[in-house]
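Raw contents of input36.pdb, PDB, C-alpha atoms and all ligand atoms:
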ATOM      1  CA  MET F  11      13.160  15.558 -13.749  1.00  0.00           C
ATOM      2  CA  PRO F  12      10.881  18.129 -12.070  1.00  0.00           C
ATOM      3  CA  ASP F  13      12.434  20.169  -9.298  1.00  0.00           C
ATOM      4  CA  ASP F  14      11.020  20.233  -5.779  1.00  0.00           C
ATOM      5  CA  ALA F  15       9.069  23.442  -6.327  1.00  0.00           C
ATOM      6  CA  GLU F  16       7.155  21.732  -9.109  1.00  0.00           C
ATOM      7  CA  LEU F  17       6.677  18.555  -7.075  1.00  0.00           C
ATOM      8  CA  TYR F  18       5.208  20.538  -4.206  1.00  0.00           C
ATOM      9  CA  GLY F  19       3.010  22.408  -6.665  1.00  0.00           C
ATOM     10  CA  CYS F  20       4.219  25.895  -5.793  1.00  0.00           C
ATOM     11  CA  ALA F  21       5.694  26.683  -9.215  1.00  0.00           C
ATOM     12  CA  ALA F  22       2.287  27.361 -10.715  1.00  0.00           C
ATOM     13  CA  ALA F  23       1.079  29.614  -7.891  1.00  0.00           C
ATOM     14  CA  ALA F  24      -1.979  31.568  -8.974  1.00  0.00           C
ATOM     15  CA  PRO F  25      -4.038  34.160  -7.069  1.00  0.00           C
ATOM     16  CA  LEU F  26      -6.562  32.461  -4.815  1.00  0.00           C
ATOM     17  CA  PRO F  27     -10.172  32.748  -5.953  1.00  0.00           C
ATOM     18  CA  ALA F  28     -12.865  34.112  -3.649  1.00  0.00           C
ATOM     19  CA  GLY F  29     -13.878  31.966  -0.649  1.00  0.00           C
ATOM     20  CA  PRO F  30     -15.079  28.429  -1.300  1.00  0.00           C
ATOM     21  CA  ALA F  31     -18.739  27.536  -1.193  1.00  0.00           C
ATOM     22  CA  LYS F  32     -18.119  24.856   1.383  1.00  0.00           C
ATOM     23  CA  LEU F  33     -15.246  23.523   3.471  1.00  0.00           C
ATOM     24  CA  LEU F  34     -15.116  19.727   3.428  1.00  0.00           C
ATOM     25  CA  LEU F  35     -13.122  17.924   6.131  1.00  0.00           C
ATOM     26  CA  VAL F  36     -11.854  14.537   4.980  1.00  0.00           C
ATOM     27  CA  VAL F  37      -9.360  12.379   6.892  1.00  0.00           C
ATOM     28  CA  ALA F  38      -6.983  10.058   5.074  1.00  0.00           C
ATOM     29  CA  VAL F  39      -4.194   7.650   5.895  1.00  0.00           C
ATOM     30  CA  ALA F  40      -0.850   6.553   4.526  1.00  0.00           C
ATOM     31  CA  LEU F  41      -1.009   2.942   5.677  1.00  0.00           C
ATOM     32  CA  LEU F  42       2.556   1.606   5.571  1.00  0.00           C
ATOM     33  CA  ASP F  43       3.683  -2.003   5.512  1.00  0.00           C
ATOM     34  CA  VAL F  44       7.004  -3.306   6.853  1.00  0.00           C
ATOM     35  CA  ASP F  45       8.673  -2.538   3.498  1.00  0.00           C
ATOM     36  CA  ASN F  46       7.467   1.096   3.661  1.00  0.00           C
ATOM     37  CA  ARG F  47       4.995   0.559   0.838  1.00  0.00           C
ATOM     38  CA  VAL F  48       1.823   2.615   1.049  1.00  0.00           C
ATOM     39  CA  LEU F  49      -1.725   1.397   0.428  1.00  0.00           C
ATOM     40  CA  ILE F  50      -3.733   3.274  -2.149  1.00  0.00           C
ATOM     41  CA  ALA F  51      -7.250   2.611  -3.394  1.00  0.00           C
ATOM     42  CA  LYS F  52      -8.760   3.236  -6.795  1.00  0.00           C
ATOM     43  CA  ARG F  53     -12.071   5.026  -6.414  1.00  0.00           C
ATOM     44  CA  PRO F  54     -15.002   2.964  -7.721  1.00  0.00           C
ATOM     45  CA  GLU F  55     -17.058   3.958 -10.757  1.00  0.00           C
ATOM     46  CA  ASP F  56     -20.088   5.144  -8.779  1.00  0.00           C
ATOM     47  CA  LYS F  57     -18.143   7.787  -6.812  1.00  0.00           C
ATOM     48  CA  ALA F  58     -16.888  11.268  -7.605  1.00  0.00           C
ATOM     49  CA  MET F  59     -13.364  11.191  -9.068  1.00  0.00           C
ATOM     50  CA  ALA F  60     -13.893   7.589 -10.156  1.00  0.00           C
ATOM     51  CA  GLY F  61     -10.799   5.787 -11.371  1.00  0.00           C
ATOM     52  CA  LEU F  62      -8.331   7.972  -9.481  1.00  0.00           C
ATOM     53  CA  TRP F  63      -6.113   6.462  -6.793  1.00  0.00           C
ATOM     54  CA  GLU F  64      -6.467   7.887  -3.278  1.00  0.00           C
ATOM     55  CA  PHE F  65      -5.371   7.399   0.290  1.00  0.00           C
ATOM     56  CA  PRO F  66      -8.088   5.483   2.179  1.00  0.00           C
ATOM     57  CA  GLY F  67     -10.341   7.638   4.328  1.00  0.00           C
ATOM     58  CA  GLY F  68     -13.448   9.730   4.115  1.00  0.00           C
ATOM     59  CA  LYS F  69     -15.567  12.540   5.430  1.00  0.00           C
ATOM     60  CA  VAL F  70     -15.619  13.474   9.097  1.00  0.00           C
ATOM     61  CA  ALA F  71     -19.214  13.346  10.341  1.00  0.00           C
ATOM     62  CA  PRO F  72     -20.626  16.286  12.323  1.00  0.00           C
ATOM     63  CA  GLY F  73     -19.471  16.067  15.938  1.00  0.00           C
ATOM     64  CA  GLU F  74     -16.995  13.278  15.177  1.00  0.00           C
ATOM     65  CA  ARG F  75     -13.309  13.426  16.156  1.00  0.00           C
ATOM     66  CA  PRO F  76     -11.049  13.221  13.092  1.00  0.00           C
ATOM     67  CA  GLU F  77      -9.161  10.201  14.458  1.00  0.00           C
ATOM     68  CA  ALA F  78     -12.418   8.398  15.258  1.00  0.00           C
ATOM     69  CA  ALA F  79     -13.624   9.132  11.734  1.00  0.00           C
ATOM     70  CA  LEU F  80     -10.494   7.567  10.284  1.00  0.00           C
ATOM     71  CA  VAL F  81     -10.729   4.475  12.515  1.00  0.00           C
ATOM     72  CA  ARG F  82     -14.363   4.120  11.344  1.00  0.00           C
ATOM     73  CA  GLU F  83     -13.520   4.650   7.659  1.00  0.00           C
ATOM     74  CA  LEU F  84     -10.673   2.115   7.769  1.00  0.00           C
ATOM     75  CA  HIS F  85     -13.063  -0.445   9.180  1.00  0.00           C
ATOM     76  CA  GLU F  86     -15.817   0.350   6.664  1.00  0.00           C
ATOM     77  CA  GLU F  87     -13.626   0.572   3.571  1.00  0.00           C
ATOM     78  CA  LEU F  88     -10.879  -1.971   4.305  1.00  0.00           C
ATOM     79  CA  GLY F  89     -12.181  -4.150   7.142  1.00  0.00           C
ATOM     80  CA  ILE F  90      -9.169  -3.425   9.331  1.00  0.00           C
ATOM     81  CA  ASP F  91      -9.083  -2.358  12.962  1.00  0.00           C
ATOM     82  CA  THR F  92      -6.764   0.258  14.319  1.00  0.00           C
ATOM     83  CA  SER F  93      -6.853   2.712  17.186  1.00  0.00           C
ATOM     84  CA  ALA F  94      -6.489   6.460  17.366  1.00  0.00           C
ATOM     85  CA  SER F  95      -3.143   5.997  19.151  1.00  0.00           C
ATOM     86  CA  CYS F  96      -1.750   4.254  16.038  1.00  0.00           C
ATOM     87  CA  LEU F  97      -2.535   7.251  13.823  1.00  0.00           C
ATOM     88  CA  ALA F  98       0.369   9.697  13.661  1.00  0.00           C
ATOM     89  CA  PRO F  99      -0.469  13.124  12.183  1.00  0.00           C
ATOM     90  CA  ALA F 100       1.812  13.572   9.167  1.00  0.00           C
ATOM     91  CA  THR F 101       0.714  16.267   6.753  1.00  0.00           C
ATOM     92  CA  PHE F 102      -2.388  17.682   5.113  1.00  0.00           C
ATOM     93  CA  ALA F 103      -3.872  18.679   1.784  1.00  0.00           C
ATOM     94  CA  SER F 104      -5.735  21.924   1.184  1.00  0.00           C
ATOM     95  CA  HIS F 105      -7.246  22.167  -2.259  1.00  0.00           C
ATOM     96  CA  ALA F 106      -9.910  24.290  -3.917  1.00  0.00           C
ATOM     97  CA  TYR F 107     -12.155  22.057  -6.010  1.00  0.00           C
ATOM     98  CA  PRO F 108     -14.756  23.891  -8.103  1.00  0.00           C
ATOM     99  CA  ASP F 109     -17.624  23.160  -5.712  1.00  0.00           C
ATOM    100  CA  PHE F 110     -15.885  22.753  -2.338  1.00  0.00           C
ATOM    101  CA  HIS F 111     -12.612  23.341  -0.557  1.00  0.00           C
ATOM    102  CA  LEU F 112     -11.013  20.133   0.642  1.00  0.00           C
ATOM    103  CA  LEU F 113      -9.098  20.175   3.906  1.00  0.00           C
ATOM    104  CA  MET F 114      -7.589  16.739   4.419  1.00  0.00           C
ATOM    105  CA  PRO F 115      -5.375  15.820   7.378  1.00  0.00           C
ATOM    106  CA  VAL F 116      -3.228  12.813   6.476  1.00  0.00           C
ATOM    107  CA  TYR F 117      -2.063  10.384   9.154  1.00  0.00           C
ATOM    108  CA  VAL F 118       0.572   7.664   8.987  1.00  0.00           C
ATOM    109  CA  CYS F 119      -0.354   4.245  10.353  1.00  0.00           C
ATOM    110  CA  ARG F 120       1.895   1.202  10.647  1.00  0.00           C
ATOM    111  CA  GLN F 121      -0.144  -0.912  13.038  1.00  0.00           C
ATOM    112  CA  TRP F 122      -3.563  -2.436  12.492  1.00  0.00           C
ATOM    113  CA  ARG F 123      -5.386  -5.724  12.859  1.00  0.00           C
ATOM    114  CA  GLY F 124      -6.669  -7.671   9.857  1.00  0.00           C
ATOM    115  CA  THR F 125      -5.801  -7.702   6.180  1.00  0.00           C
ATOM    116  CA  PRO F 126      -6.931  -4.727   4.101  1.00  0.00           C
ATOM    117  CA  THR F 127      -9.747  -5.941   1.846  1.00  0.00           C
ATOM    118  CA  PRO F 128     -11.685  -3.810  -0.650  1.00  0.00           C
ATOM    119  CA  ARG F 129     -15.167  -3.592   0.877  1.00  0.00           C
ATOM    120  CA  GLU F 130     -16.612  -0.804  -1.252  1.00  0.00           C
ATOM    121  CA  GLY F 131     -15.706  -1.804  -4.810  1.00  0.00           C
ATOM    122  CA  GLN F 132     -12.244  -0.230  -4.735  1.00  0.00           C
ATOM    123  CA  THR F 133      -9.083  -1.765  -6.145  1.00  0.00           C
ATOM    124  CA  LEU F 134      -6.156  -1.802  -3.717  1.00  0.00           C
ATOM    125  CA  ALA F 135      -2.437  -1.541  -4.400  1.00  0.00           C
ATOM    126  CA  TRP F 136       0.649  -1.494  -2.166  1.00  0.00           C
ATOM    127  CA  VAL F 137       3.017   0.932  -3.793  1.00  0.00           C
ATOM    128  CA  ARG F 138       6.514   2.225  -3.110  1.00  0.00           C
ATOM    129  CA  ILE F 139       6.372   5.943  -2.414  1.00  0.00           C
ATOM    130  CA  SER F 140       8.844   6.480  -5.255  1.00  0.00           C
ATOM    131  CA  ARG F 141       6.254   4.907  -7.630  1.00  0.00           C
ATOM    132  CA  LEU F 142       3.191   6.839  -6.467  1.00  0.00           C
ATOM    133  CA  ARG F 143       3.535   9.193  -9.399  1.00  0.00           C
ATOM    134  CA  ASP F 144       2.661   6.316 -11.744  1.00  0.00           C
ATOM    135  CA  TYR F 145      -0.872   6.226 -10.300  1.00  0.00           C
ATOM    136  CA  PRO F 146      -3.282   9.022 -11.278  1.00  0.00           C
ATOM    137  CA  MET F 147      -4.472  10.734  -8.095  1.00  0.00           C
ATOM    138  CA  PRO F 148      -6.910  13.595  -7.390  1.00  0.00           C
ATOM    139  CA  PRO F 149      -5.297  17.013  -7.792  1.00  0.00           C
ATOM    140  CA  ALA F 150      -5.398  17.607  -4.021  1.00  0.00           C
ATOM    141  CA  ASP F 151      -3.077  14.641  -3.522  1.00  0.00           C
ATOM    142  CA  LEU F 152      -0.280  15.618  -5.862  1.00  0.00           C
ATOM    143  CA  PRO F 153       1.643  17.793  -3.335  1.00  0.00           C
ATOM    144  CA  LEU F 154       1.355  14.952  -0.803  1.00  0.00           C
ATOM    145  CA  ILE F 155       3.499  12.628  -2.884  1.00  0.00           C
ATOM    146  CA  ALA F 156       6.651  14.698  -2.498  1.00  0.00           C
ATOM    147  CA  MET F 157       5.845  15.447   1.133  1.00  0.00           C
ATOM    148  CA  LEU F 158       5.516  11.760   1.998  1.00  0.00           C
ATOM    149  CA  ARG F 159       8.622  10.928   0.006  1.00  0.00           C
ATOM    150  CA  ASP F 160      10.641  13.439   2.034  1.00  0.00           C
ATOM    151  CA  MET F 161       9.057  12.447   5.332  1.00  0.00           C
ATOM    152  CA  LEU F 162       9.100   8.649   5.232  1.00  0.00           C
TER     153      LEU F 162
HETATM  154  N1  LIG X 201     -10.324   9.462   1.026  1.00  0.00           N
HETATM  155  C1  LIG X 201      -9.757  10.330   0.226  1.00  0.00           C
HETATM  156  N2  LIG X 201     -10.505  11.324  -0.342  1.00  0.00           N
HETATM  157  C2  LIG X 201      -9.864  12.178  -1.160  1.00  0.00           C
HETATM  158  C3  LIG X 201      -8.485  12.074  -1.431  1.00  0.00           C
HETATM  159  N3  LIG X 201      -8.131  13.081  -2.283  1.00  0.00           N
HETATM  160  C4  LIG X 201      -9.254  13.791  -2.548  1.00  0.00           C
HETATM  161  O1  LIG X 201      -9.328  14.774  -3.274  1.00  0.00           O
HETATM  162  N4  LIG X 201     -10.320  13.237  -1.865  1.00  0.00           N
HETATM  163  C5  LIG X 201     -11.671  13.753  -1.944  1.00  0.00           C
HETATM  164  C6  LIG X 201     -12.552  12.888  -2.797  1.00  0.00           C
HETATM  165  C7  LIG X 201     -13.927  13.155  -2.198  1.00  0.00           C
HETATM  166  O2  LIG X 201     -14.427  14.384  -2.720  1.00  0.00           O
HETATM  167  C8  LIG X 201     -13.617  13.367  -0.725  1.00  0.00           C
HETATM  168  C9  LIG X 201     -13.743  12.092   0.069  1.00  0.00           C
HETATM  169  O3  LIG X 201     -15.047  11.701  -0.025  1.00  0.00           O
HETATM  170  P1  LIG X 201     -15.538  10.193  -0.053  1.00  0.00           P
HETATM  171  O4  LIG X 201     -16.659  10.128  -1.009  1.00  0.00           O
HETATM  172  O5  LIG X 201     -14.435   9.235  -0.239  1.00  0.00           O
HETATM  173  O6  LIG X 201     -16.039  10.112   1.405  1.00  0.00           O
HETATM  174  P2  LIG X 201     -16.489   8.841   2.186  1.00  0.00           P
HETATM  175  O7  LIG X 201     -15.387   7.820   2.164  1.00  0.00           O
HETATM  176  O8  LIG X 201     -16.940   9.367   3.497  1.00  0.00           O
HETATM  177  O9  LIG X 201     -17.619   8.220   1.283  1.00  0.00           O
HETATM  178  P3  LIG X 201     -19.197   8.403   1.276  1.00  0.00           P
HETATM  179  O10 LIG X 201     -19.673   7.690   2.501  1.00  0.00           O
HETATM  180  O11 LIG X 201     -19.484   9.868   1.289  1.00  0.00           O
HETATM  181  O12 LIG X 201     -19.576   7.731  -0.009  1.00  0.00           O
HETATM  182  O13 LIG X 201     -12.254  13.786  -0.653  1.00  0.00           O
HETATM  183  C10 LIG X 201      -7.716  11.037  -0.847  1.00  0.00           C
HETATM  184  O14 LIG X 201      -6.506  10.859  -1.045  1.00  0.00           O
HETATM  185  N5  LIG X 201      -8.410  10.193  -0.026  1.00  0.00           N
HETATM  186 MG    MG X 202     -13.699   7.287   1.222  1.00  0.00          MG
END

Could I get this file's structure written as structure tokens?
Ligand SMILES: Nc1nc2c([nH]c(=O)n2[C@H]2C[C@H](O)[C@@H](COP(=O)(O)OP(=O)(O)OP(=O)(O)O)O2)c(=O)[nH]1
Ligand SMILES: [Mg+2]
Amino acid sequence: MPDDAELYGCAAAAPLPAGPAKLLLVVAVALLDVDNRVLIAKRPEDKAMAGLWEFPGGKVAPGERPEAALVRELHEELGIDTSASCLAPATFASHAYPDFHLLMPVYVCRQWRGTPTPREGQTLAWVRISRLRDYPMPPADLPLIAMLRDML
């Protein structure tokens, strides 16, 4: 059983490389059902990091508020409607990928209208937080699993 330092990813701390080429702002959500299961989506074959499971969301457009971006992405990707007031800031990921640095605020949402439906070729799964580790996720997401487990 890994200890918490490993789960949070701080056991393998290495010196930070020089500044990233580009900072990418992506917003994501832990959508929770009444049983506290979280919705994850498997990235489709035609996208970067295909086959990995992620929290729904996407890039913030220039000039767009992060919450508005997430409301838009949830509609585009899952066909559900929510409002900025239903998005509670929870945690964030900060990860240096080889070609960009990802900064990803993660919100928790328990209220929306509609049934999440894969609109962009994803596969969806409702998963207990204690089982998230069974689903391969992008490296940026790995510290989030323990954070959400402790928080929710
Ligand atoms: N949505 C989301 N993206 C993640 C997660 N973890 C992670 O490393 N990413 C990365 C993958 C991508 O490089 C980037 C999100 O880009 P994206 O391609 O999904 O953006 P988008 O939904 O706006 O899609 P597109 O219109 O650009 O096709 O963030 C995660 O949990 N959720
Ligand atoms: Mg996306």

Within 7 Å of ligand LIG 201 (chain X), counting all atoms listed in the file, residues as JSON, numbers by chain: {"F": [36, 37, 38, 57, 58, 59, 64, 65, 66, 67, 68, 69, 83, 112, 148, 149, 150, 151]}

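Here CA of Ala98 (chain F) and CA of Gly61 (chain F) stand 27.7 Å from one another.
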
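When only C-alpha atoms and all ligand atoms are used to compute distances to ligand MG 202 (chain X), the closest of the residues F:Tyr107, F:Lys32, F:Leu152, F:Ala60 turns out to be F:Ala60.
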
Hits from the PyMOL selection byres (((chain F and resi 145) around 12) and not hetatm), listed as number ranges by chain: F: 49-53, 61-65, 134-144, 146-149, 151-152, 155

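Interatomic distance, CA of Ser95 (chain F) against CA of Gly131 (chain F): 28.2 Å.
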
Test item: which residues lie within 9 Å of (-12.0, 1.8, 5.6) counting all atoms listed in the file, as number ranges by chain: F: 66-68, 80-91, 126-130

Shortest interatomic distance to ligand MG 202 (chain X) - which of F:Ala31, F:Ala100, F:Ala94, F:Met114, counting only C-alpha atoms and all ligand atoms: F:Met114
